[in-house]
$ cat entry34.csv   # CSV, C-alpha atoms
chain,number,residue,atom,x,y,z
A,1,MET,CA,0.0,0.0,0.0
A,2,LYS,CA,2.8,2.4,0.9
A,3,LYS,CA,4.6,1.6,-2.3
A,4,THR,CA,1.4,2.3,-4.3
A,5,ILE,CA,1.0,5.7,-2.5
A,6,LEU,CA,4.6,6.6,-3.1
A,7,PHE,CA,4.3,5.6,-6.8
A,8,LEU,CA,1.2,7.8,-7.2
A,9,CYS,CA,2.9,10.7,-5.5
A,10,ALA,CA,6.0,10.4,-7.7
A,11,PHE,CA,3.8,10.1,-10.9
A,12,THR,CA,1.9,13.2,-9.9
A,13,PHE,CA,5.1,15.1,-9.2
A,14,PHE,CA,6.7,14.3,-12.5
A,15,SER,CA,3.4,14.9,-14.4
A,16,CYS,CA,3.1,18.4,-12.8
A,17,ALA,CA,6.8,19.1,-13.6
A,18,GLU,CA,6.2,18.0,-17.2
A,19,MET,CA,3.1,20.2,-17.6
A,20,GLN,CA,5.0,23.1,-16.1
A,21,GLN,CA,7.8,22.6,-18.6
A,22,ILE,CA,5.3,22.6,-21.5
A,23,ALA,CA,3.6,25.8,-20.1
A,24,ASN,CA,6.9,27.5,-19.8
A,25,GLN,CA,7.4,26.9,-23.6
A,26,LEU,CA,4.2,28.6,-24.5
A,27,PRO,CA,4.1,32.4,-25.3
A,28,GLN,CA,3.6,34.5,-22.2
A,29,THR,CA,0.9,37.0,-23.0
A,30,GLY,CA,-0.3,38.2,-19.6
A,31,GLY,CA,-3.4,36.1,-19.8
A,32,ILE,CA,-5.2,33.7,-22.0
A,33,LEU,CA,-6.1,35.1,-25.4
A,34,GLY,CA,-8.9,33.7,-27.5
A,35,ASN,CA,-9.4,34.1,-31.2
A,36,ALA,CA,-11.6,37.1,-30.6
A,37,ASP,CA,-8.7,38.9,-28.8
A,38,ILE,CA,-6.2,38.0,-31.5
A,39,ALA,CA,-8.6,39.1,-34.2
A,40,ASN,CA,-9.2,42.4,-32.4
A,41,GLY,CA,-5.5,42.9,-32.0
A,42,LEU,CA,-4.9,42.4,-35.7
A,43,LYS,CA,-7.7,44.7,-36.6
A,44,GLU,CA,-6.2,47.3,-34.3
A,45,ALA,CA,-2.9,47.0,-36.0
A,46,LEU,CA,-4.5,47.4,-39.4
A,47,ASN,CA,-6.5,50.4,-38.2
A,48,ASN,CA,-3.3,51.9,-36.9
A,49,GLY,CA,-1.9,51.5,-40.4
A,50,ILE,CA,-4.8,53.4,-41.8
A,51,ASP,CA,-4.7,56.1,-39.2
A,52,LYS,CA,-0.9,56.6,-39.2
A,53,GLN,CA,0.2,55.7,-42.7
A,54,VAL,CA,-2.6,55.9,-45.1
A,55,SER,CA,-3.5,59.4,-43.9
A,56,LYS,CA,-0.1,60.5,-45.2
A,57,LEU,CA,-1.2,59.7,-48.7
A,58,THR,CA,-4.1,62.1,-48.6
A,59,LYS,CA,-1.8,65.1,-48.2
A,60,THR,CA,-0.4,67.1,-51.2
A,61,ASP,CA,2.5,65.1,-52.6
A,62,GLY,CA,1.5,62.1,-50.4
A,63,PHE,CA,1.9,59.9,-53.5
A,64,PHE,CA,3.9,62.2,-55.8
A,65,LYS,CA,6.9,62.7,-53.5
A,66,ASN,CA,6.7,59.3,-51.8
A,67,GLU,CA,9.0,57.0,-53.8
A,68,ALA,CA,7.5,53.9,-52.2
A,69,VAL,CA,4.0,54.6,-53.7
A,70,LYS,CA,4.5,57.2,-56.4
A,71,ILE,CA,2.4,56.4,-59.4
A,72,LEU,CA,4.5,56.2,-62.6
A,73,LEU,CA,3.3,56.0,-66.1
A,74,PRO,CA,2.1,52.7,-67.5
A,75,ASP,CA,4.4,51.1,-70.1
A,76,GLU,CA,2.0,52.0,-73.0
A,77,LEU,CA,2.4,55.7,-72.1
A,78,LYS,CA,6.2,55.8,-71.8
A,79,MET,CA,6.5,56.4,-75.5
A,80,VAL,CA,3.9,59.2,-75.2
A,81,ASP,CA,6.0,60.8,-72.5
A,82,SER,CA,9.2,60.5,-74.6
A,83,ARG,CA,7.6,62.0,-77.7
A,84,LEU,CA,6.2,64.9,-75.8
A,85,ARG,CA,9.5,65.8,-74.3
A,86,ALA,CA,11.2,65.5,-77.7
A,87,MET,CA,8.7,68.0,-79.0
A,88,GLY,CA,9.5,70.5,-76.3
A,89,LEU,CA,6.4,69.7,-74.2
A,90,SER,CA,8.2,68.5,-71.1
A,91,SER,CA,6.0,70.7,-68.9
A,92,LEU,CA,2.9,69.0,-70.2
A,93,ALA,CA,4.5,65.6,-69.7
A,94,ASP,CA,5.4,66.5,-66.1
A,95,GLU,CA,1.9,67.8,-65.4
A,96,GLY,CA,0.4,64.6,-66.8
A,97,LEU,CA,2.4,62.5,-64.2
A,98,LYS,CA,1.6,64.9,-61.4
A,99,VAL,CA,-2.2,64.9,-61.9
A,100,LEU,CA,-2.3,61.1,-61.8
A,101,ASN,CA,-0.8,61.3,-58.3
A,102,ARG,CA,-3.0,64.2,-57.3
A,103,ALA,CA,-6.1,62.1,-58.3
A,104,ALA,CA,-4.9,59.3,-56.1
A,105,GLU,CA,-4.2,61.7,-53.2
A,106,ASP,CA,-7.7,63.1,-53.5
A,107,ALA,CA,-9.4,59.8,-53.8
A,108,VAL,CA,-7.7,58.1,-50.8
A,109,LYS,CA,-9.0,61.0,-48.7
A,110,GLU,CA,-12.6,60.1,-49.7
A,111,ALA,CA,-12.1,56.3,-49.7
A,112,THR,CA,-10.4,55.9,-46.3
A,113,PRO,CA,-13.7,55.1,-44.5
A,114,ILE,CA,-14.2,52.2,-47.0
A,115,PHE,CA,-11.0,50.7,-45.8
A,116,VAL,CA,-11.9,51.3,-42.1
A,117,ASP,CA,-15.3,49.6,-42.7
A,118,ALA,CA,-13.6,46.7,-44.4
A,119,VAL,CA,-11.4,46.1,-41.4
A,120,LYS,CA,-14.4,46.2,-39.0
A,121,GLN,CA,-16.3,43.6,-41.0
A,122,MET,CA,-13.4,41.1,-41.3
A,123,THR,CA,-13.6,37.8,-39.5
A,124,PHE,CA,-10.5,36.0,-38.4
A,125,ASN,CA,-11.3,32.4,-38.0
A,126,ASP,CA,-7.7,31.7,-38.8
A,127,ALA,CA,-6.5,34.6,-36.7
A,128,LYS,CA,-3.7,32.7,-35.0
A,129,THR,CA,-2.3,31.6,-38.4
A,130,ILE,CA,-2.2,35.2,-39.6
A,131,LEU,CA,-0.6,36.3,-36.3
A,132,MET,CA,2.1,33.7,-36.7
A,133,GLY,CA,2.6,34.5,-40.4
A,134,ASN,CA,5.1,36.8,-42.0
A,135,GLN,CA,5.5,40.4,-41.2
A,136,THR,CA,2.7,41.6,-43.5
A,137,ALA,CA,0.4,38.6,-43.2
A,138,ALA,CA,-2.6,40.6,-41.8
A,139,THR,CA,-2.2,43.2,-44.6
A,140,SER,CA,-2.1,40.4,-47.2
A,141,TYR,CA,-5.2,38.9,-45.7
A,142,LEU,CA,-7.0,42.3,-45.9
A,143,GLN,CA,-5.8,42.8,-49.5
A,144,ASN,CA,-6.9,39.3,-50.6
A,145,THR,CA,-10.3,39.4,-49.0
A,146,THR,CA,-11.3,43.0,-49.8
A,147,SER,CA,-9.7,44.1,-53.1
A,148,ASN,CA,-12.6,43.3,-55.3
A,149,ALA,CA,-15.2,45.1,-53.2
A,150,LEU,CA,-12.8,48.0,-52.6
A,151,TYR,CA,-12.1,48.3,-56.3
A,152,SER,CA,-15.8,48.6,-57.1
A,153,LYS,CA,-16.2,51.4,-54.6
A,154,PHE,CA,-12.8,53.0,-55.2
A,155,ASN,CA,-13.0,53.3,-59.0
A,156,PRO,CA,-15.8,55.9,-59.2
A,157,VAL,CA,-14.0,57.9,-56.5
A,158,ILE,CA,-10.9,58.0,-58.7
A,159,LYS,CA,-13.0,59.0,-61.7
A,160,ASN,CA,-14.5,61.9,-59.8
A,161,SER,CA,-11.1,62.8,-58.5
A,162,PHE,CA,-9.8,63.0,-62.1
A,163,ALA,CA,-12.4,65.6,-62.9
A,164,LYS,CA,-11.8,67.4,-59.5
A,165,VAL,CA,-8.1,67.8,-60.0
A,166,GLY,CA,-8.2,68.4,-63.7
A,167,ALA,CA,-6.5,65.2,-64.7
A,168,ASP,CA,-9.1,64.3,-67.3
A,169,LYS,CA,-8.5,67.6,-69.2
A,170,VAL,CA,-4.7,67.3,-69.0
A,171,TRP,CA,-4.7,63.7,-70.3
A,172,THR,CA,-7.2,64.4,-73.0
A,173,ASN,CA,-4.8,67.2,-74.2
A,174,ILE,CA,-1.8,64.8,-74.0
A,175,ILE,CA,-3.5,62.0,-75.8
A,176,THR,CA,-4.9,64.3,-78.5
A,177,LYS,CA,-1.5,65.8,-79.1
A,178,TYR,CA,0.3,62.4,-79.3
A,179,ASN,CA,-2.3,60.8,-81.5
A,180,SER,CA,-2.0,63.7,-84.0
A,181,ILE,CA,1.7,62.9,-84.6
A,182,PRO,CA,2.0,61.2,-88.0
A,183,LEU,CA,2.6,57.4,-88.1
A,184,VAL,CA,2.4,56.8,-84.3
A,185,THR,CA,0.3,54.0,-82.9
A,186,LYS,CA,-2.7,55.7,-81.4
A,187,VAL,CA,-3.3,55.1,-77.7
A,188,ASN,CA,-6.4,55.3,-75.6
A,189,PRO,CA,-5.4,54.1,-72.1
A,190,ASP,CA,-7.9,53.5,-69.3
A,191,LEU,CA,-6.2,55.8,-66.8
A,192,THR,CA,-9.0,55.5,-64.3
A,193,ASP,CA,-8.5,51.8,-64.0
A,194,TYR,CA,-4.7,52.1,-63.9
A,195,THR,CA,-4.8,54.8,-61.2
A,196,THR,CA,-7.3,53.0,-59.1
A,197,ASN,CA,-5.2,49.9,-59.0
A,198,LYS,CA,-2.0,51.9,-58.2
A,199,ALA,CA,-3.8,53.9,-55.5
A,200,MET,CA,-5.0,50.7,-53.9
A,201,GLU,CA,-1.5,49.2,-54.1
A,202,GLY,CA,-0.1,52.3,-52.4
A,203,VAL,CA,-2.7,52.1,-49.6
A,204,PHE,CA,-1.9,48.4,-48.8
A,205,LYS,CA,1.8,49.1,-49.0
A,206,MET,CA,1.5,51.8,-46.3
A,207,VAL,CA,-0.7,49.6,-44.1
A,208,ALA,CA,2.0,47.0,-44.4
A,209,VAL,CA,4.6,49.5,-43.2
A,210,GLU,CA,2.7,49.9,-39.9
A,211,GLU,CA,2.0,46.2,-39.5
A,212,LYS,CA,5.7,45.4,-39.9
A,213,GLU,CA,6.6,48.2,-37.4
A,214,ILE,CA,4.2,46.7,-34.8
A,215,ARG,CA,5.5,43.2,-35.4
A,216,THR,CA,9.2,44.2,-35.0
A,217,ASN,CA,9.2,47.2,-32.7
A,218,LEU,CA,8.0,46.8,-29.2
A,219,SER,CA,7.5,50.5,-28.6
A,220,ALA,CA,5.1,50.7,-31.6
A,221,ARG,CA,2.6,48.5,-29.7
A,222,SER,CA,0.6,51.4,-28.3
A,223,SER,CA,-2.1,49.4,-26.4
A,224,ASP,CA,-2.1,46.6,-23.9
A,225,LEU,CA,-4.0,44.4,-26.4
A,226,LEU,CA,-1.3,44.9,-29.1
A,227,LYS,CA,1.4,44.1,-26.6
A,228,ARG,CA,-0.4,40.9,-25.5
A,229,VAL,CA,-1.3,39.7,-28.9
A,230,PHE,CA,2.0,40.4,-30.6
A,231,ALA,CA,3.9,38.9,-27.7
A,232,MET,CA,2.6,35.6,-29.0
A,233,GLN,CA,4.3,36.0,-32.4
A,234,ASP,CA,7.5,37.2,-30.6
A,235,ASN,CA,7.8,33.7,-29.0
A,236,LYS,CA,6.8,31.6,-32.1
$ encode --input "entry34.csv" --output "structure tokens"
Amino acid sequence: MKKTILFLCAFTFFSCAEMQQIANQLPQTGGILGNADIANGLKEALNNGIDKQVSKLTKTDGFFKNEAVKILLPDELKMVDSRLRAMGLSSLADEGLKVLNRAAEDAVKEATPIFVDAVKQMTFNDAKTILMGNQTAATSYLQNTTSNALYSKFNPVIKNSFAKVGADKVWTNIITKYNSIPLVTKVNPDLTDYTTNKAMEGVFKMVAVEEKEIRTNLSARSSDLLKRVFAMQDNK
């Protein structure tokens, strides 16, 4: 009987020690976090990206003087640009590039609530997988799950912005002048579509900047939730 009791005590001791060893290997987050907490932490990180980074794009030169997101001419218009400059119309070519970026800056200002709403409506059934993913996993998830819906809302905003900043008139003038040159292949690019895609690309790129900062810089975790959630990925 004594041997049995001693055996049970020893078994209990070693089982507890083993469980403690396993527990010590788990991420220490200051409390148990459920998927809802993880999802909320990731949403907060994405919202921070919108608040801190995307807002920069809405300012004058937010796109035009930010090399990371500056909208350049599509390949089909590079020849147009070269021909205009060769004809002494460099100022018109410069203005054409600038107004594309101005339209994006204006449109992002109007479209930011669309991105905010998209983040609110996201569900993270696989929240932990995203948390333990690469440095821009949450941004990629947002991009993959919202791009189609965002495009349908963002495109008319860009179209209106073209008219608002005068981009439509500038580019009508540019295309008309270029197409009047003898022997050139006439062009009729869909600049609204092109600028929409480039503006969205720039937005997601800036959201990713903030996500990467939160993932790698402890001081960027501005709330207790962010600290607890991203502590999990620190220990992965």
$ closest_residue --input "entry34.csv" --among "A:Leu89, A:Asn144, A:Met200, A:Tyr194" --to "A:Ile114" --atoms "all atoms listed in the file"
A:Met200
$ residues_around --input "entry34.csv" --residues "stretch 78-83 of chain A" --least-positions-apart "2" --cutoff "12 Å" --atoms "all atoms listed in the file" --output "ChimeraX atom specification"
/A:72-76,85-97,171,173-182,184-189
$ closest_residue --input "entry34.csv" --among "A:Asn134, A:Asn40, A:Thr112, A:Asn217" --to "A:Leu150" --atoms "all atoms listed in the file"
A:Thr112
$ closest_residue --input "entry34.csv" --among "A:Ser223, A:Asn125, A:Thr172, A:Thr195" --to "A:Phe154" --atoms "all atoms listed in the file"
A:Thr195
$ atom_distance --input "entry34.csv" --atom1 "atom CA of A:Pro113" --atom2 "atom CA of A:Ala220"
23.2 Å
$ atom_distance --input "entry34.csv" --atom1 "atom CA of A:Ala103" --atom2 "atom CA of A:Asn48"
23.9 Å
$ atom_distance --input "entry34.csv" --atom1 "atom CA of A:Val119" --atom2 "atom CA of A:Arg102"
25.5 Å
$ residues_around --input "entry34.csv" --residues "A:Val209" --least-positions-apart "5" --cutoff "10 Å" --atoms "all atoms listed in the file" --output "JSON list (two decimals) with C-alpha atoms, in the frame of the given file"
[["chain", "number", "residue", "atom", "x", "y", "z"],
["A", 49, "GLY", "CA", -1.90, 51.50, -40.40],
["A", 52, "LYS", "CA", -0.90, 56.60, -39.20],
["A", 53, "GLN", "CA", 0.20, 55.70, -42.70],
["A", 54, "VAL", "CA", -2.60, 55.90, -45.10],
["A", 135, "GLN", "CA", 5.50, 40.40, -41.20],
["A", 136, "THR", "CA", 2.70, 41.60, -43.50],
["A", 139, "THR", "CA", -2.20, 43.20, -44.60],
["A", 204, "PHE", "CA", -1.90, 48.40, -48.80],
["A", 214, "ILE", "CA", 4.20, 46.70, -34.80]]
$ closest_residue --input "entry34.csv" --among "A:Leu142, A:Val108, A:Leu131, A:Leu77" --to "A:Leu191" --atoms "only C-alpha atoms"
A:Leu77
$ residues_around --input "entry34.csv" --residues "A:Ser55" --least-positions-apart "4" --cutoff "10 Å" --atoms "only C-alpha atoms" --output "list in words"
Gly49, Ile50, Asp51, Lys59, Gly62, Glu105, Val108, Lys109, Thr112, Val203 and Met206 of chain A
